[in-house]
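Listing of upload-v2.cif; format and content: mmCIF, C-alpha atoms.
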data_start
#
loop_
_atom_site.label_atom_id
_atom_site.label_comp_id
_atom_site.auth_asym_id
_atom_site.auth_seq_id
_atom_site.Cartn_x
_atom_site.Cartn_y
_atom_site.Cartn_z
CA MET A 1 32.21 99.62 -70.40
CA ILE A 2 28.65 98.40 -69.96
CA ASN A 3 29.75 94.81 -69.37
CA GLU A 4 32.08 95.91 -66.55
CA ILE A 5 29.20 97.67 -64.80
CA ILE A 6 27.00 94.58 -65.15
CA ALA A 7 29.84 92.42 -63.82
CA LEU A 8 30.34 94.70 -60.82
CA ILE A 9 26.60 94.54 -60.03
CA LEU A 10 26.70 90.72 -60.25
CA MET A 11 29.75 90.51 -57.98
CA SER A 12 28.23 92.91 -55.44
CA THR A 13 25.09 90.76 -55.33
CA GLY A 14 27.20 87.67 -54.80
CA ILE A 15 29.16 89.23 -51.95
CA LEU A 16 25.88 90.35 -50.35
CA PHE A 17 24.73 86.71 -50.41
CA ASN A 18 28.09 85.65 -48.95
CA ILE A 19 27.66 88.14 -46.09
CA PHE A 20 24.21 86.72 -45.29
CA GLY A 21 25.52 83.17 -45.37
CA CYS A 22 28.45 83.90 -43.06
CA LEU A 23 26.15 85.81 -40.71
CA GLY A 24 23.96 82.71 -40.52
CA LEU A 25 27.05 80.59 -39.92
CA VAL A 26 27.89 82.65 -36.86
CA ARG A 27 24.45 83.45 -35.43
CA LEU A 28 22.28 80.36 -35.87
CA PRO A 29 22.00 77.97 -32.91
CA ASP A 30 22.44 74.51 -34.40
CA VAL A 31 24.69 72.49 -36.68
CA TYR A 32 21.94 71.76 -39.20
CA ASN A 33 20.68 75.35 -39.30
CA ARG A 34 24.21 76.60 -39.81
CA LEU A 35 24.83 74.08 -42.58
CA GLN A 36 21.61 74.97 -44.40
CA SER A 37 22.06 78.73 -44.25
CA ALA A 38 25.76 78.80 -45.01
CA THR A 39 25.78 76.27 -47.84
CA LYS A 40 22.85 77.71 -49.79
CA CYS A 41 23.80 81.37 -49.53
CA VAL A 42 27.54 80.97 -50.05
CA THR A 43 27.12 78.65 -53.04
CA LEU A 44 24.74 81.05 -54.78
CA GLY A 45 26.98 84.02 -54.00
CA THR A 46 30.13 82.39 -55.31
CA CYS A 47 28.32 81.28 -58.49
CA SER A 48 27.22 84.87 -58.99
CA ILE A 49 30.83 86.06 -58.63
CA LEU A 50 31.98 83.53 -61.23
CA LEU A 51 29.18 84.70 -63.56
CA GLY A 52 30.53 88.20 -63.07
CA VAL A 53 33.95 87.02 -64.24
CA LEU A 54 32.30 85.59 -67.37
CA VAL A 55 30.49 88.87 -68.09
CA TRP A 56 33.65 90.94 -67.46
CA PHE A 57 35.89 89.06 -69.90
CA GLY A 58 33.42 87.65 -72.43
CA PHE A 59 33.85 84.27 -74.08
CA VAL A 60 37.65 84.07 -74.04
CA ASN A 61 39.57 81.35 -72.20
CA ILE A 62 39.18 82.71 -68.66
CA GLY A 63 35.47 83.36 -69.11
CA VAL A 64 34.83 79.81 -70.29
CA LYS A 65 36.84 78.54 -67.30
CA ALA A 66 34.51 80.47 -65.00
CA LEU A 67 31.51 79.05 -66.86
CA VAL A 68 32.87 75.52 -66.30
CA ALA A 69 33.43 76.19 -62.61
CA ILE A 70 29.78 77.13 -61.96
CA PRO A 71 28.09 73.67 -62.33
CA LEU A 72 31.13 72.05 -60.70
CA LEU A 73 30.64 74.24 -57.62
CA PHE A 74 26.88 73.68 -57.58
CA PHE A 75 27.04 69.89 -57.61
CA THR A 76 30.06 69.37 -55.34
CA SER A 77 28.93 71.82 -52.67
CA THR A 78 25.44 70.38 -52.33
CA VAL A 79 26.66 66.78 -52.26
CA ALA A 80 29.25 67.64 -49.61
CA ALA A 81 26.65 69.41 -47.48
CA HIS A 82 24.28 66.43 -47.70
CA ALA A 83 27.02 64.00 -46.70
CA LEU A 84 28.02 66.24 -43.80
CA ALA A 85 24.42 66.50 -42.51
CA LYS A 86 23.94 62.72 -42.70
CA GLY A 87 27.26 62.04 -41.00
CA SER A 88 26.61 64.49 -38.19
CA TYR A 89 23.13 63.02 -37.61
CA ARG A 90 24.49 59.51 -37.36
CA PHE A 91 27.34 60.73 -35.15
CA GLY A 92 24.63 61.56 -32.62
CA ILE A 93 24.53 65.37 -32.59
CA LYS A 94 21.16 66.50 -31.22
CA LEU A 95 18.89 69.09 -32.80
CA GLY A 96 18.69 72.56 -31.31
CA ARG A 97 16.40 73.37 -28.41
CA LYS A 98 13.95 75.35 -30.55
CA SER A 99 13.59 72.73 -33.29
CA VAL A 100 10.12 71.25 -33.27
CA HIS A 101 10.08 68.41 -35.80
CA ASP A 102 12.50 65.71 -36.87
CA ASP A 103 11.57 63.89 -40.07
CA TYR A 104 14.93 62.23 -40.44
CA GLU A 105 14.51 60.23 -37.23
CA ALA A 106 12.00 57.76 -38.72
CA GLU A 107 14.38 57.00 -41.56
CA ASN A 108 17.31 56.44 -39.25
CA ARG A 109 15.52 54.61 -36.46
CA ALA A 110 16.42 51.19 -37.87
CA PHE A 111 20.07 52.21 -38.22
CA LEU A 112 20.30 53.66 -34.73
CA SER A 113 18.57 50.70 -33.05
CA LYS A 114 20.84 48.26 -34.88
CA GLU A 115 23.89 50.15 -33.70
CA LYS A 116 22.61 50.14 -30.13
CA LYS A 117 22.03 46.38 -30.28
CA GLU A 118 25.57 45.83 -31.50
CA GLN A 119 26.95 47.89 -28.64
CA GLU A 120 24.93 45.91 -26.12
CA LYS A 121 26.09 42.68 -27.66
CA GLN A 122 29.70 43.76 -27.35
CA LYS A 123 29.11 44.72 -23.73
CA HIS A 124 27.81 41.23 -23.04
CA LYS A 125 30.64 39.65 -24.88
CA ARG A 126 33.42 41.27 -22.93
CA PRO A 127 33.07 39.44 -19.59
CA LEU A 128 32.57 36.16 -21.42
CA ARG A 129 35.89 36.59 -23.15
CA LYS A 130 37.62 37.33 -19.87
CA THR A 131 36.20 34.29 -18.13
CA GLY A 132 36.67 32.13 -21.18
CA LYS A 133 40.42 32.41 -21.06
CA PRO A 134 42.15 29.11 -20.59
CA SER A 135 43.92 28.91 -17.26
CA MET B 1 35.61 99.05 -56.44
CA LEU B 2 37.32 95.72 -56.97
CA GLU B 3 39.62 96.27 -53.98
CA VAL B 4 36.61 96.92 -51.74
CA LEU B 5 34.94 93.69 -52.88
CA LEU B 6 38.21 91.82 -52.32
CA TYR B 7 38.56 93.20 -48.79
CA ILE B 8 34.97 92.29 -47.91
CA GLN B 9 35.32 88.78 -49.31
CA THR B 10 38.57 88.27 -47.41
CA GLY B 11 37.05 89.60 -44.22
CA LEU B 12 34.23 87.06 -44.46
CA CYS B 13 36.79 84.30 -43.86
CA VAL B 14 37.12 85.61 -40.29
CA PHE B 15 33.57 84.40 -39.57
CA CYS B 16 34.50 80.92 -40.78
CA LEU B 17 37.67 80.97 -38.66
CA TYR B 18 35.55 82.01 -35.66
CA ARG B 19 33.29 79.01 -36.27
CA ILE B 20 36.26 76.69 -36.70
CA ILE B 21 37.94 77.85 -33.49
CA MET B 22 34.88 78.31 -31.24
CA GLY B 23 32.59 75.56 -32.58
CA PRO B 24 31.02 73.56 -29.74
CA THR B 25 31.00 70.22 -31.58
CA ILE B 26 33.23 68.62 -34.17
CA ALA B 27 30.58 68.94 -36.90
CA ASP B 28 30.57 72.74 -36.50
CA ARG B 29 34.27 72.86 -37.28
CA MET B 30 33.71 70.74 -40.39
CA VAL B 31 30.94 73.07 -41.59
CA GLY B 32 33.24 76.04 -41.12
CA LEU B 33 35.98 74.34 -43.09
CA ASP B 34 33.59 73.53 -45.94
CA ILE B 35 32.34 77.11 -46.19
CA PHE B 36 35.90 78.42 -45.98
CA GLY B 37 36.78 76.32 -49.02
CA ILE B 38 33.94 77.87 -51.03
CA LEU B 39 34.85 81.42 -50.01
CA VAL B 40 38.44 80.98 -51.22
CA VAL B 41 37.08 80.24 -54.72
CA GLY B 42 35.37 83.63 -54.72
CA ILE B 43 38.61 85.28 -53.63
CA CYS B 44 40.42 83.56 -56.52
CA ALA B 45 37.79 84.75 -59.02
CA ILE B 46 38.01 88.39 -57.92
CA LEU B 47 41.81 88.22 -57.79
CA ALA B 48 41.87 86.90 -61.37
CA ILE B 49 40.09 90.05 -62.54
CA HIS B 50 42.08 92.39 -60.32
CA THR B 51 45.53 91.21 -61.38
CA GLY B 52 44.60 90.16 -64.92
CA ARG B 53 46.38 86.82 -64.62
CA MET B 54 44.49 83.84 -65.92
CA PHE B 55 46.00 81.01 -63.89
CA ILE B 56 44.45 82.12 -60.58
CA LEU B 57 41.03 80.82 -61.69
CA ASP B 58 42.65 77.41 -62.29
CA ILE B 59 43.71 77.43 -58.64
CA GLY B 60 40.06 78.09 -57.77
CA ILE B 61 38.80 75.14 -59.81
CA ALA B 62 41.37 72.84 -58.22
CA TRP B 63 40.37 74.16 -54.80
CA ILE B 64 36.70 73.21 -55.46
CA ILE B 65 37.62 69.58 -56.16
CA LEU B 66 40.03 69.30 -53.21
CA SER B 67 37.52 70.82 -50.82
CA PHE B 68 34.85 68.40 -52.07
CA THR B 69 36.96 65.29 -51.53
CA GLY B 70 38.18 66.53 -48.16
CA THR B 71 34.67 67.22 -46.91
CA LEU B 72 33.44 63.82 -48.12
CA ALA B 73 36.29 62.08 -46.29
CA LEU B 74 35.55 64.02 -43.10
CA ALA B 75 31.83 63.17 -43.35
CA LYS B 76 32.62 59.49 -43.77
CA TYR B 77 34.93 59.69 -40.77
CA LEU B 78 32.09 61.31 -38.81
CA GLU B 79 29.75 58.52 -39.83
CA ASN B 80 32.20 56.04 -38.33
CA LYS B 81 32.57 53.98 -41.48
CA SER B 82 35.54 52.94 -43.50
CA LEU B 83 36.33 54.91 -46.63
CA ASN B 84 35.65 52.17 -49.19
CA GLU B 85 32.06 51.55 -48.07
#

Once you've parsed the file, please lay out its structure as structure tokens.
Amino acid sequence: MINEIIALILMSTGILFNIFGCLGLVRLPDVYNRLQSATKCVTLGTCSILLGVLVWFGFVNIGVKALVAIPLLFFTSTVAAHALAKGSYRFGIKLGRKSVHDDYEAENRAFLSKEKKEQEKQKHKRPLRKTGKPS
Amino acid sequence: MLEVLLYIQTGLCVFCLYRIIMGPTIADRMVGLDIFGILVVGICAILAIHTGRMFILDIGIAWIILSFTGTLALAKYLENKSLNE
């Protein structure tokens, strides 16, 4: 009986975190802010729900499955969020209007300038190809 | 009590669907899809307790891995690179 009450408290806490994360997903102004809020809060909330499953059933097969799912969720969710932030930065999505500082720009300046040079080179190449056609 | 938690957790998916439908850029839709994949795992965990069937948590674990690979592929597509790089 006592373990069910503890499990219900754990699951309620997790759903509270999920509510905060989804609220941030809707209300925040920017892609990066949304990603940060939603990923952190929803990952912690879902891990808390899985811990509640472990407490509810004890160390039988389903509880150990929930225990295995917790580190899996932690690592995969954070790696996916990092890849998504990097990809959206290099895609060229600007920061929000109220953001004041951009540390990631200095790291990506070489990448962005190289890409711009390649685009300019291709622009110069195009007319040459057209005129270079054999008559 | 468990039904209430299940209803709340299912209702949270509406926020993600709102972000997927109304997102201004393509990255917003990808973020919504990623978060939707994590929320479904929570639904599977609560449903495993509520119905008492063990295999629903296996569906959740498989969903974690599929969501991870899907989000990585979408991020690589966003980065404008090929998948083997």

Exercise. What separation in Å, quoted to one decimal, exists between CA of Ser99 (chain A) and CA of Leu17 (chain B)?
Worked result: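 Interatomic distance here is 26.0 Å.
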
Exercise. Between A:Arg109, A:Lys114, A:Pro71, A:Thr43, which one has atoms that come closest to Gly37 (chain B), using all atoms listed in the file?
Worked result: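 Comparing A:Arg109, A:Lys114, A:Pro71, A:Thr43 against Gly37 (chain B), the winner is A:Thr43.
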
Exercise. Selected by the PyMOL selection byres ((chain B) within 9 of (chain A)) in the shown coordinates: which residues, as a ChimeraX atom specification?
Worked result: /B:1-2,5,8-9,12-13,15-16,18-19,25-28,30-32,34-35,38-39,41-42,45-46,48-49,54-55,57-58,60-61,64-65,67-69,71-72,74-80

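Coordinates place CA of Phe74 (chain A) at a distance of 16.4 Å from CA of Gly70 (chain B).
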
Exercise. What does the distance between CA of Leu6 (chain B) and CA of Phe36 (chain B) come to in Å, to one decimal place?
Worked result: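 These two atoms are separated by 15.0 Å.
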